[in-house]
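With compact mmCIF, N, CA and C atoms and all ligand atoms inside, this is target-v3.txt:
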# COMPACT_ATOMS: atom_id res chain seq x y z
N PRO W 815 -80.45 27.73 37.37
CA PRO W 815 -81.19 28.18 38.56
C PRO W 815 -80.50 27.75 39.85
N SER W 816 -80.86 28.38 40.93
CA SER W 816 -80.21 28.09 42.20
C SER W 816 -80.96 27.03 43.00
N GLY W 817 -81.94 26.38 42.37
CA GLY W 817 -82.78 25.43 43.10
C GLY W 817 -82.13 24.08 43.29
N SER W 818 -82.67 23.04 42.62
CA SER W 818 -82.13 21.70 42.68
C SER W 818 -82.20 21.09 44.07
N GLU W 819 -83.13 21.57 44.87
CA GLU W 819 -83.48 20.86 46.09
C GLU W 819 -84.90 20.37 45.94
N PRO W 820 -85.18 19.15 46.43
CA PRO W 820 -86.52 18.60 46.22
C PRO W 820 -87.59 19.38 47.00
N ALA W 821 -88.78 19.40 46.43
CA ALA W 821 -89.89 20.05 47.10
C ALA W 821 -90.18 19.33 48.42
N THR W 822 -90.61 20.07 49.40
CA THR W 822 -90.95 19.48 50.68
C THR W 822 -92.43 19.11 50.73
N LYS W 823 -93.28 20.00 50.21
CA LYS W 823 -94.72 19.73 50.18
C LYS W 823 -95.16 19.75 48.72
N ILE W 824 -95.61 18.61 48.25
CA ILE W 824 -95.88 18.48 46.82
C ILE W 824 -97.37 18.52 46.57
N VAL W 825 -97.84 19.65 46.09
CA VAL W 825 -99.25 19.84 45.78
C VAL W 825 -99.36 20.19 44.31
N ILE W 826 -99.78 19.21 43.52
CA ILE W 826 -99.81 19.35 42.07
C ILE W 826 -101.06 20.11 41.63
N ASN W 827 -100.85 21.10 40.76
CA ASN W 827 -101.95 21.85 40.16
C ASN W 827 -102.51 21.05 38.97
N LEU W 828 -103.63 20.39 39.20
CA LEU W 828 -104.18 19.47 38.19
C LEU W 828 -104.71 20.22 36.97
N GLU W 829 -105.24 21.43 37.15
CA GLU W 829 -105.75 22.20 36.01
C GLU W 829 -104.61 22.58 35.08
N ARG W 830 -103.51 23.03 35.67
CA ARG W 830 -102.34 23.39 34.87
C ARG W 830 -101.79 22.15 34.15
N LEU W 831 -101.77 21.03 34.88
CA LEU W 831 -101.25 19.79 34.31
C LEU W 831 -102.00 19.41 33.02
N GLN W 832 -103.32 19.61 33.04
CA GLN W 832 -104.15 19.26 31.87
C GLN W 832 -103.86 20.13 30.66
N GLN W 833 -103.33 21.36 30.90
CA GLN W 833 -103.09 22.30 29.81
C GLN W 833 -101.77 22.01 29.08
N LEU W 834 -100.91 21.20 29.69
CA LEU W 834 -99.57 21.01 29.14
C LEU W 834 -99.56 19.85 28.15
N PRO W 835 -98.65 19.90 27.15
CA PRO W 835 -98.61 18.84 26.13
C PRO W 835 -98.24 17.48 26.72
N ALA W 836 -98.94 16.45 26.24
CA ALA W 836 -98.78 15.11 26.79
C ALA W 836 -97.35 14.58 26.61
N ASP W 837 -96.64 15.03 25.56
CA ASP W 837 -95.28 14.50 25.36
C ASP W 837 -94.35 14.96 26.47
N LYS W 838 -94.71 16.06 27.16
CA LYS W 838 -93.90 16.50 28.30
C LYS W 838 -94.39 15.89 29.61
N VAL W 839 -95.68 16.00 29.86
CA VAL W 839 -96.20 15.67 31.19
C VAL W 839 -96.90 14.32 31.24
N GLY W 840 -96.85 13.54 30.15
CA GLY W 840 -97.57 12.28 30.11
C GLY W 840 -97.34 11.38 31.32
N PRO W 841 -96.08 11.06 31.64
CA PRO W 841 -95.84 10.18 32.79
C PRO W 841 -96.38 10.75 34.10
N LEU W 842 -96.17 12.06 34.32
CA LEU W 842 -96.67 12.70 35.53
C LEU W 842 -98.20 12.67 35.57
N ALA W 843 -98.82 12.95 34.43
CA ALA W 843 -100.29 12.98 34.39
C ALA W 843 -100.86 11.58 34.67
N ARG W 844 -100.21 10.55 34.13
CA ARG W 844 -100.68 9.18 34.39
C ARG W 844 -100.48 8.80 35.85
N TYR W 845 -99.35 9.22 36.43
CA TYR W 845 -99.07 8.93 37.84
C TYR W 845 -100.12 9.60 38.73
N ALA W 846 -100.40 10.88 38.45
CA ALA W 846 -101.40 11.61 39.24
C ALA W 846 -102.78 10.96 39.09
N ALA W 847 -103.11 10.56 37.87
CA ALA W 847 -104.41 9.92 37.64
C ALA W 847 -104.52 8.60 38.41
N ALA W 848 -103.40 7.87 38.48
CA ALA W 848 -103.40 6.59 39.21
C ALA W 848 -103.63 6.84 40.71
N ILE W 849 -102.99 7.89 41.25
CA ILE W 849 -103.17 8.20 42.67
C ILE W 849 -104.60 8.65 42.94
N GLN W 850 -105.14 9.49 42.06
CA GLN W 850 -106.53 9.91 42.21
C GLN W 850 -107.46 8.71 42.24
N SER W 851 -107.18 7.76 41.35
CA SER W 851 -108.00 6.56 41.26
C SER W 851 -107.90 5.72 42.53
N GLN W 852 -106.66 5.55 43.04
CA GLN W 852 -106.46 4.75 44.25
C GLN W 852 -107.16 5.36 45.46
N ARG W 853 -107.18 6.71 45.49
CA ARG W 853 -107.83 7.39 46.61
C ARG W 853 -109.31 7.59 46.42
N GLY W 854 -109.77 7.48 45.18
CA GLY W 854 -111.14 7.88 44.89
C GLY W 854 -111.30 9.39 45.01
N ASP W 855 -110.23 10.12 44.70
CA ASP W 855 -110.20 11.58 44.86
C ASP W 855 -110.21 12.23 43.47
N TYR W 856 -111.43 12.45 42.94
CA TYR W 856 -111.54 12.90 41.55
C TYR W 856 -111.91 14.37 41.40
N ASN W 857 -112.31 15.03 42.48
CA ASN W 857 -112.91 16.35 42.32
C ASN W 857 -111.97 17.51 42.62
N GLY W 858 -110.72 17.20 42.95
CA GLY W 858 -109.82 18.27 43.38
C GLY W 858 -109.24 19.07 42.22
N LYS W 859 -108.93 20.34 42.50
CA LYS W 859 -108.15 21.17 41.57
C LYS W 859 -106.66 20.92 41.79
N VAL W 860 -106.33 20.41 42.97
CA VAL W 860 -104.95 20.08 43.31
C VAL W 860 -104.91 18.67 43.89
N LEU W 861 -103.70 18.08 43.90
CA LEU W 861 -103.51 16.75 44.47
C LEU W 861 -102.21 16.74 45.26
N SER W 862 -102.32 16.46 46.57
CA SER W 862 -101.12 16.32 47.39
C SER W 862 -100.57 14.91 47.21
N ILE W 863 -99.29 14.81 46.92
CA ILE W 863 -98.69 13.48 46.77
C ILE W 863 -97.52 13.30 47.72
N ARG W 864 -97.08 12.06 47.83
CA ARG W 864 -96.00 11.73 48.76
C ARG W 864 -94.65 12.20 48.23
N ALA W 865 -93.79 12.56 49.17
CA ALA W 865 -92.41 12.90 48.83
C ALA W 865 -91.74 11.72 48.12
N GLU W 866 -92.10 10.51 48.56
CA GLU W 866 -91.57 9.29 47.95
C GLU W 866 -91.94 9.20 46.47
N ASP W 867 -93.14 9.69 46.15
CA ASP W 867 -93.58 9.65 44.76
C ASP W 867 -92.78 10.61 43.89
N LEU W 868 -92.33 11.73 44.48
CA LEU W 868 -91.47 12.64 43.72
C LEU W 868 -90.17 11.95 43.34
N ARG W 869 -89.65 11.13 44.26
CA ARG W 869 -88.42 10.40 43.95
C ARG W 869 -88.65 9.38 42.84
N SER W 870 -89.79 8.69 42.88
CA SER W 870 -90.11 7.74 41.81
C SER W 870 -90.26 8.46 40.47
N LEU W 871 -90.95 9.59 40.48
CA LEU W 871 -91.15 10.35 39.24
C LEU W 871 -89.82 10.87 38.70
N ALA W 872 -88.91 11.26 39.61
CA ALA W 872 -87.61 11.76 39.18
C ALA W 872 -86.85 10.67 38.41
N ILE W 873 -86.97 9.43 38.85
CA ILE W 873 -86.33 8.32 38.14
C ILE W 873 -86.92 8.19 36.74
N ILE W 874 -88.25 8.29 36.66
CA ILE W 874 -88.94 8.20 35.37
C ILE W 874 -88.46 9.30 34.42
N TYR W 875 -88.29 10.51 34.96
CA TYR W 875 -87.87 11.66 34.13
C TYR W 875 -86.34 11.75 34.00
N ASP W 876 -85.61 10.80 34.59
CA ASP W 876 -84.14 10.79 34.52
C ASP W 876 -83.54 12.10 35.03
N MET W 877 -84.06 12.55 36.18
CA MET W 877 -83.57 13.78 36.82
C MET W 877 -83.38 13.47 38.31
N SER W 878 -82.71 14.40 39.01
CA SER W 878 -82.73 14.31 40.47
C SER W 878 -84.06 14.87 40.96
N PRO W 879 -84.48 14.50 42.19
CA PRO W 879 -85.73 15.08 42.71
C PRO W 879 -85.71 16.61 42.71
N GLY W 880 -84.54 17.19 42.97
CA GLY W 880 -84.43 18.66 42.96
C GLY W 880 -84.62 19.24 41.57
N GLU W 881 -84.03 18.56 40.58
CA GLU W 881 -84.18 19.03 39.19
C GLU W 881 -85.63 18.89 38.74
N LEU W 882 -86.28 17.80 39.13
CA LEU W 882 -87.69 17.63 38.75
C LEU W 882 -88.55 18.69 39.43
N THR W 883 -88.22 19.02 40.68
CA THR W 883 -88.94 20.10 41.38
C THR W 883 -88.85 21.39 40.58
N ASP W 884 -87.63 21.73 40.14
CA ASP W 884 -87.45 22.95 39.34
C ASP W 884 -88.26 22.89 38.05
N GLN W 885 -88.25 21.72 37.40
CA GLN W 885 -89.00 21.55 36.15
C GLN W 885 -90.50 21.74 36.38
N LEU W 886 -91.01 21.16 37.47
CA LEU W 886 -92.45 21.26 37.75
C LEU W 886 -92.84 22.70 38.07
N ILE W 887 -91.95 23.44 38.72
CA ILE W 887 -92.22 24.85 39.00
C ILE W 887 -92.22 25.64 37.69
N GLU W 888 -91.25 25.32 36.81
CA GLU W 888 -91.17 25.98 35.51
C GLU W 888 -92.44 25.75 34.69
N TRP W 889 -92.98 24.54 34.76
CA TRP W 889 -94.21 24.22 34.04
C TRP W 889 -95.45 24.85 34.70
N GLY W 890 -95.30 25.32 35.93
CA GLY W 890 -96.45 25.87 36.65
C GLY W 890 -97.29 24.81 37.33
N VAL W 891 -96.75 23.58 37.40
CA VAL W 891 -97.47 22.48 38.04
C VAL W 891 -97.31 22.53 39.56
N LEU W 892 -96.17 23.05 40.02
CA LEU W 892 -95.95 23.32 41.45
C LEU W 892 -95.79 24.83 41.63
N PRO W 893 -96.24 25.37 42.76
CA PRO W 893 -96.04 26.79 43.02
C PRO W 893 -94.59 27.08 43.39
N GLN W 894 -94.16 28.33 43.18
CA GLN W 894 -92.80 28.76 43.54
C GLN W 894 -92.43 28.35 44.96
N GLU W 895 -93.40 28.43 45.85
CA GLU W 895 -93.13 28.17 47.27
C GLU W 895 -92.73 26.71 47.51
N ALA W 896 -92.94 25.85 46.52
CA ALA W 896 -92.58 24.45 46.69
C ALA W 896 -91.06 24.26 46.79
N ARG W 897 -90.33 25.22 46.23
CA ARG W 897 -88.88 25.12 46.30
C ARG W 897 -88.42 25.61 47.67
N PRO W 898 -87.77 24.74 48.45
CA PRO W 898 -87.40 25.15 49.79
C PRO W 898 -86.32 26.22 49.76
N ALA W 899 -86.37 27.12 50.72
CA ALA W 899 -85.35 28.15 50.83
C ALA W 899 -84.01 27.52 51.18
N HIS W 900 -82.94 28.06 50.65
CA HIS W 900 -81.63 27.51 50.95
C HIS W 900 -81.24 27.77 52.40
N ARG W 901 -81.65 28.90 52.89
CA ARG W 901 -81.25 29.30 54.23
C ARG W 901 -82.43 29.93 54.94
N VAL W 902 -82.61 29.55 56.16
CA VAL W 902 -83.63 30.20 56.97
C VAL W 902 -82.92 30.91 58.11
N ASP W 903 -82.98 32.24 58.06
CA ASP W 903 -82.27 33.03 59.08
C ASP W 903 -83.16 33.31 60.29
P1 LIG B 1001 -102.07 2.77 51.98
O1 LIG B 1001 -100.73 3.35 51.70
O2 LIG B 1001 -102.12 1.45 52.68
O3 LIG B 1001 -102.86 3.85 52.85
C1 LIG B 1001 -104.10 3.51 53.43
C2 LIG B 1001 -104.81 4.75 53.90
O4 LIG B 1001 -104.00 5.41 54.91
C3 LIG B 1001 -105.01 5.79 52.82
O5 LIG B 1001 -106.21 5.51 52.10
C4 LIG B 1001 -105.14 7.06 53.64
O6 LIG B 1001 -106.42 7.18 54.19
C5 LIG B 1001 -104.13 6.84 54.75
N1 LIG B 1001 -102.81 7.42 54.43
C6 LIG B 1001 -101.66 6.77 54.17
N2 LIG B 1001 -100.63 7.61 54.04
C7 LIG B 1001 -101.16 8.85 54.21
C8 LIG B 1001 -100.59 10.16 54.19
O7 LIG B 1001 -99.38 10.41 53.99
N3 LIG B 1001 -101.46 11.19 54.40
C9 LIG B 1001 -102.78 10.98 54.59
N4 LIG B 1001 -103.59 12.06 54.74
N5 LIG B 1001 -103.33 9.77 54.64
C10 LIG B 1001 -102.53 8.72 54.46
P2 LIG B 1001 -106.41 6.12 50.62
O8 LIG B 1001 -106.12 7.58 50.61
O9 LIG B 1001 -107.80 5.72 50.21
O10 LIG B 1001 -105.36 5.38 49.71
C11 LIG B 1001 -105.52 4.01 49.38
C12 LIG B 1001 -104.23 3.45 48.83
O11 LIG B 1001 -103.91 4.12 47.60
C13 LIG B 1001 -103.03 3.64 49.73
O12 LIG B 1001 -102.95 2.61 50.66
C14 LIG B 1001 -101.89 3.59 48.74
O13 LIG B 1001 -101.60 2.25 48.38
C15 LIG B 1001 -102.48 4.28 47.52
N6 LIG B 1001 -102.18 5.71 47.52
C16 LIG B 1001 -103.04 6.74 47.77
N7 LIG B 1001 -102.43 7.91 47.65
C17 LIG B 1001 -101.15 7.64 47.32
C18 LIG B 1001 -100.00 8.47 47.07
O14 LIG B 1001 -100.04 9.70 47.15
N8 LIG B 1001 -98.86 7.83 46.75
C19 LIG B 1001 -98.77 6.47 46.69
N9 LIG B 1001 -97.58 5.93 46.39
N10 LIG B 1001 -99.83 5.66 46.92
C20 LIG B 1001 -101.00 6.24 47.24
P1 LIG B 1002 -104.02 22.45 52.73
O1 LIG B 1002 -103.19 21.23 52.85
O2 LIG B 1002 -103.31 23.74 52.57
O3 LIG B 1002 -105.03 22.22 51.54
C1 LIG B 1002 -105.85 23.27 51.07
C2 LIG B 1002 -106.90 22.75 50.14
O4 LIG B 1002 -106.29 22.23 48.97
C3 LIG B 1002 -107.75 21.61 50.69
O5 LIG B 1002 -108.85 22.14 51.45
C4 LIG B 1002 -108.27 20.96 49.43
O6 LIG B 1002 -109.35 21.69 48.90
C5 LIG B 1002 -107.08 21.11 48.50
N1 LIG B 1002 -106.26 19.88 48.48
C6 LIG B 1002 -105.00 19.72 48.93
N2 LIG B 1002 -104.55 18.49 48.65
C7 LIG B 1002 -105.55 17.86 48.01
C8 LIG B 1002 -105.69 16.55 47.45
O7 LIG B 1002 -104.77 15.69 47.46
N3 LIG B 1002 -106.87 16.27 46.87
C9 LIG B 1002 -107.89 17.17 46.83
N4 LIG B 1002 -109.05 16.79 46.25
N5 LIG B 1002 -107.81 18.41 47.33
C10 LIG B 1002 -106.64 18.74 47.92
P2 LIG B 1002 -109.54 21.20 52.54
O8 LIG B 1002 -109.79 19.84 52.01
O9 LIG B 1002 -110.73 21.96 53.04
O10 LIG B 1002 -108.46 21.06 53.71
C11 LIG B 1002 -108.13 22.21 54.47
C12 LIG B 1002 -106.90 21.93 55.33
O11 LIG B 1002 -107.18 20.85 56.21
C13 LIG B 1002 -105.67 21.52 54.53
O12 LIG B 1002 -104.97 22.63 54.03
C14 LIG B 1002 -104.88 20.78 55.60
O13 LIG B 1002 -104.26 21.72 56.46
C15 LIG B 1002 -105.99 20.07 56.38
N6 LIG B 1002 -106.18 18.74 55.80
C16 LIG B 1002 -107.16 18.29 54.99
N7 LIG B 1002 -106.96 17.00 54.65
C17 LIG B 1002 -105.80 16.65 55.26
C18 LIG B 1002 -105.05 15.44 55.29
O14 LIG B 1002 -105.39 14.42 54.68
N8 LIG B 1002 -103.89 15.47 56.01
C19 LIG B 1002 -103.51 16.57 56.72
N9 LIG B 1002 -102.40 16.51 57.45
N10 LIG B 1002 -104.17 17.74 56.70
C20 LIG B 1002 -105.31 17.75 55.98
P1 LIG B 1003 -100.21 14.73 55.25
O1 LIG B 1003 -101.43 13.90 55.34
O2 LIG B 1003 -100.21 16.05 55.97
O3 LIG B 1003 -98.98 13.86 55.79
C1 LIG B 1003 -97.70 14.46 56.04
C2 LIG B 1003 -96.67 13.37 56.23
O4 LIG B 1003 -96.99 12.58 57.38
C3 LIG B 1003 -96.59 12.40 55.06
O5 LIG B 1003 -95.75 12.96 54.05
C4 LIG B 1003 -96.00 11.17 55.73
O6 LIG B 1003 -94.61 11.33 55.89
C5 LIG B 1003 -96.65 11.19 57.11
N1 LIG B 1003 -97.88 10.38 57.15
C6 LIG B 1003 -99.16 10.81 57.26
N2 LIG B 1003 -100.02 9.77 57.29
C7 LIG B 1003 -99.26 8.64 57.22
C8 LIG B 1003 -99.58 7.24 57.19
O7 LIG B 1003 -100.75 6.79 57.26
N3 LIG B 1003 -98.52 6.39 57.08
C9 LIG B 1003 -97.23 6.82 57.01
N4 LIG B 1003 -96.25 5.92 56.87
N5 LIG B 1003 -96.90 8.15 57.02
C10 LIG B 1003 -97.91 9.03 57.12
P2 LIG B 1003 -95.85 12.41 52.56
O8 LIG B 1003 -95.82 10.93 52.54
O9 LIG B 1003 -94.80 13.12 51.78
O10 LIG B 1003 -97.29 12.88 52.04
C11 LIG B 1003 -97.56 14.23 51.73
C12 LIG B 1003 -99.03 14.47 51.56
O11 LIG B 1003 -99.55 13.70 50.46
C13 LIG B 1003 -99.88 14.05 52.75
O12 LIG B 1003 -99.87 15.08 53.72
C14 LIG B 1003 -101.25 13.88 52.11
O13 LIG B 1003 -101.83 15.15 51.87
C15 LIG B 1003 -100.90 13.28 50.77
N6 LIG B 1003 -100.95 11.79 50.83
C16 LIG B 1003 -99.90 10.96 50.84
N7 LIG B 1003 -100.28 9.69 50.85
C17 LIG B 1003 -101.64 9.71 50.85
C18 LIG B 1003 -102.63 8.67 50.85
O14 LIG B 1003 -102.36 7.46 50.87
N8 LIG B 1003 -103.92 9.09 50.83
C19 LIG B 1003 -104.25 10.41 50.83
N9 LIG B 1003 -105.56 10.72 50.83
N10 LIG B 1003 -103.35 11.40 50.84
C20 LIG B 1003 -102.05 11.05 50.85
Could you show the structure in this file as structure tokens?
Amino acid sequence: PSGSEPATKIVINLERLQQLPADKVGPLARYAAAIQSQRGDYNGKVLSIRAEDLRSLAIIYDMSPGELTDQLIEWGVLPQEARPAHRVD
């Protein structure tokens, strides 16, 4: 793919996340659950997280932040629009 740039605005689709197998999304699901718990934010269909957290998650998944962004889009956890355009004319 032509992506491999990190997402700029990270809004995780929590419903989609729940549908995916735990062996793939386990670390991400636990991370999201921890943030929900810290915020007391339990009722959302989506969860906005920090750009810094994407970098931490990328280390956990042994990918670059850009590669993890592509993976999350492929899983349907992030929307296509999360991948920044290469060029803005
Ligand atoms: P904290 O980092 O000391 O942030 C305290 C409060 O500042 C947060 O309370 C929130 O009201 C506000 N805040 C900080 N950064 C942002 C931001 O980028 N956007 C917005 N809208 N508000 C911000 P809150 O939400 O109850 O979170 C409590 C604590 O939980 C935070 O303390 C932090 O330690 C942790 N936390 C919450 N959400 C995240 C997250 O997405 N990533 C990380 N790494 N930690 C988080
Ligand atoms: P938005 O950022 O496009 O978010 C749209 C809706 O997605 C939000 O509507 C909310 O229902 C959901 N959403 C996004 N992130 C989260 C999340 O981390 N947790 C939960 N539970 N829901 C989330 P809502 O709440 O009516 O907010 C409407 C708009 O108001 C937002 O559009 C944003 O532009 C602004 N807004 C709300 N809260 C914040 C905030 O903490 N920081 C900033 N900068 N803007 C906010
Ligand atoms: P947002 O609330 O629209 O914040 C956009 C950016 O403004 C954040 O990007 C961060 O760079 C900066 N910012 C906002 N509030 C604070 C703050 O209290 N302290 C500092 N140091 N910076 C702040 P970032 O970090 O990538 O976060 C993206 C989105 O994730 C935030 O959008 C918010 O929706 C959510 N978020 C991040 N941390 C928290 C948090 O602690 N609590 C809550 N409720 N939401 C958070």
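Of the residues in chain W, those given strand (DSSP E) by DSSP on the backbone are W:Ile824, W:Val825, W:Ile826, W:Asn827, W:Val860, W:Leu861, W:Ser862, W:Ile863.
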_For ligand LIG 1003 (chain B), return the neighbouring residues as a PyMOL selection string (distance at most 12 Å; only C-alpha atoms and all ligand atoms)._
chain W and resi 820-826+846+848-856+858+860-869
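You will find atom C of Pro898 (chain W) at 7.1 Å from CA of Glu819 (chain W).
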_Neighbouring residues of Pro841 (chain W) were defined as those with any atom within 12 Å, considering only C-alpha atoms; residues of the same chain fewer than 2 positions away were excluded. Please report them as a list in words._
Leu831, Pro835, Ala836, Asp837, Lys838, Val839, Ala843, Arg844, Tyr845, Ala846, Ala847, Ala848, Ser870, Leu871, Ala872, Ile873, Ile874, Tyr875 and Asp876 of chain W
*Running DSSP on the backbone, which parts of chain W land in alpha helix (DSSP H), as number ranges by chain?*
W: 828-833, 836-853, 865-874, 879-889
_Point-to-point distance in Å for atom O10 of ligand LIG 1001 (chain B) and CA of Gly890 (chain W)_ =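 Atom O10 of ligand LIG 1001 (chain B) lies at a distance of 25.9 Å from CA of Gly890 (chain W).
Proximity to ligand LIG 1002 (chain B) was assessed for W:Ile887, W:Leu828, W:Leu842, W:Leu834 counting only C-alpha atoms and all ligand atoms; the smallest distance is recorded for W:Leu828.
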*To one decimal place, how far is atom C2 of ligand LIG 1002 (chain B) from CA of Asn827 (chain W) in Å?*
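Calculated distance between atom C2 of ligand LIG 1002 (chain B) and CA of Asn827 (chain W) is 11.2 Å.
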*When distances are computed from all atoms listed in the file, which of W:Asn857, W:Asp884, W:Gln833, W:Pro879 shows the smallest separation from ligand LIG 1002 (chain B)?*
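That would be W:Asn857, the residue with the smallest distance to ligand LIG 1002 (chain B).
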Written record: region 881-893 of chain W, C-alpha atoms, as a PDB file, in the first residue's frame:
ATOM      1  CA  GLU W 881       2.254   0.590   9.365  1.00  0.00           C
ATOM      2  CA  LEU W 882      -0.014   0.238  12.390  1.00  0.00           C
ATOM      3  CA  THR W 883      -2.284   2.935  10.937  1.00  0.00           C
ATOM      4  CA  ASP W 884      -2.569   0.894   7.733  1.00  0.00           C
ATOM      5  CA  GLN W 885      -3.272  -2.263   9.747  1.00  0.00           C
ATOM      6  CA  LEU W 886      -5.999  -0.561  11.795  1.00  0.00           C
ATOM      7  CA  ILE W 887      -7.641   0.735   8.604  1.00  0.00           C
ATOM      8  CA  GLU W 888      -7.456  -2.767   7.104  1.00  0.00           C
ATOM      9  CA  TRP W 889      -9.179  -4.175  10.204  1.00  0.00           C
ATOM     10  CA  GLY W 890     -11.855  -1.471   9.958  1.00  0.00           C
ATOM     11  CA  VAL W 891     -10.900  -0.099  13.381  1.00  0.00           C
ATOM     12  CA  LEU W 892      -9.938   3.271  11.857  1.00  0.00           C
ATOM     13  CA  PRO W 893     -11.770   4.898   8.937  1.00  0.00           C
TER      14      PRO W 893
END
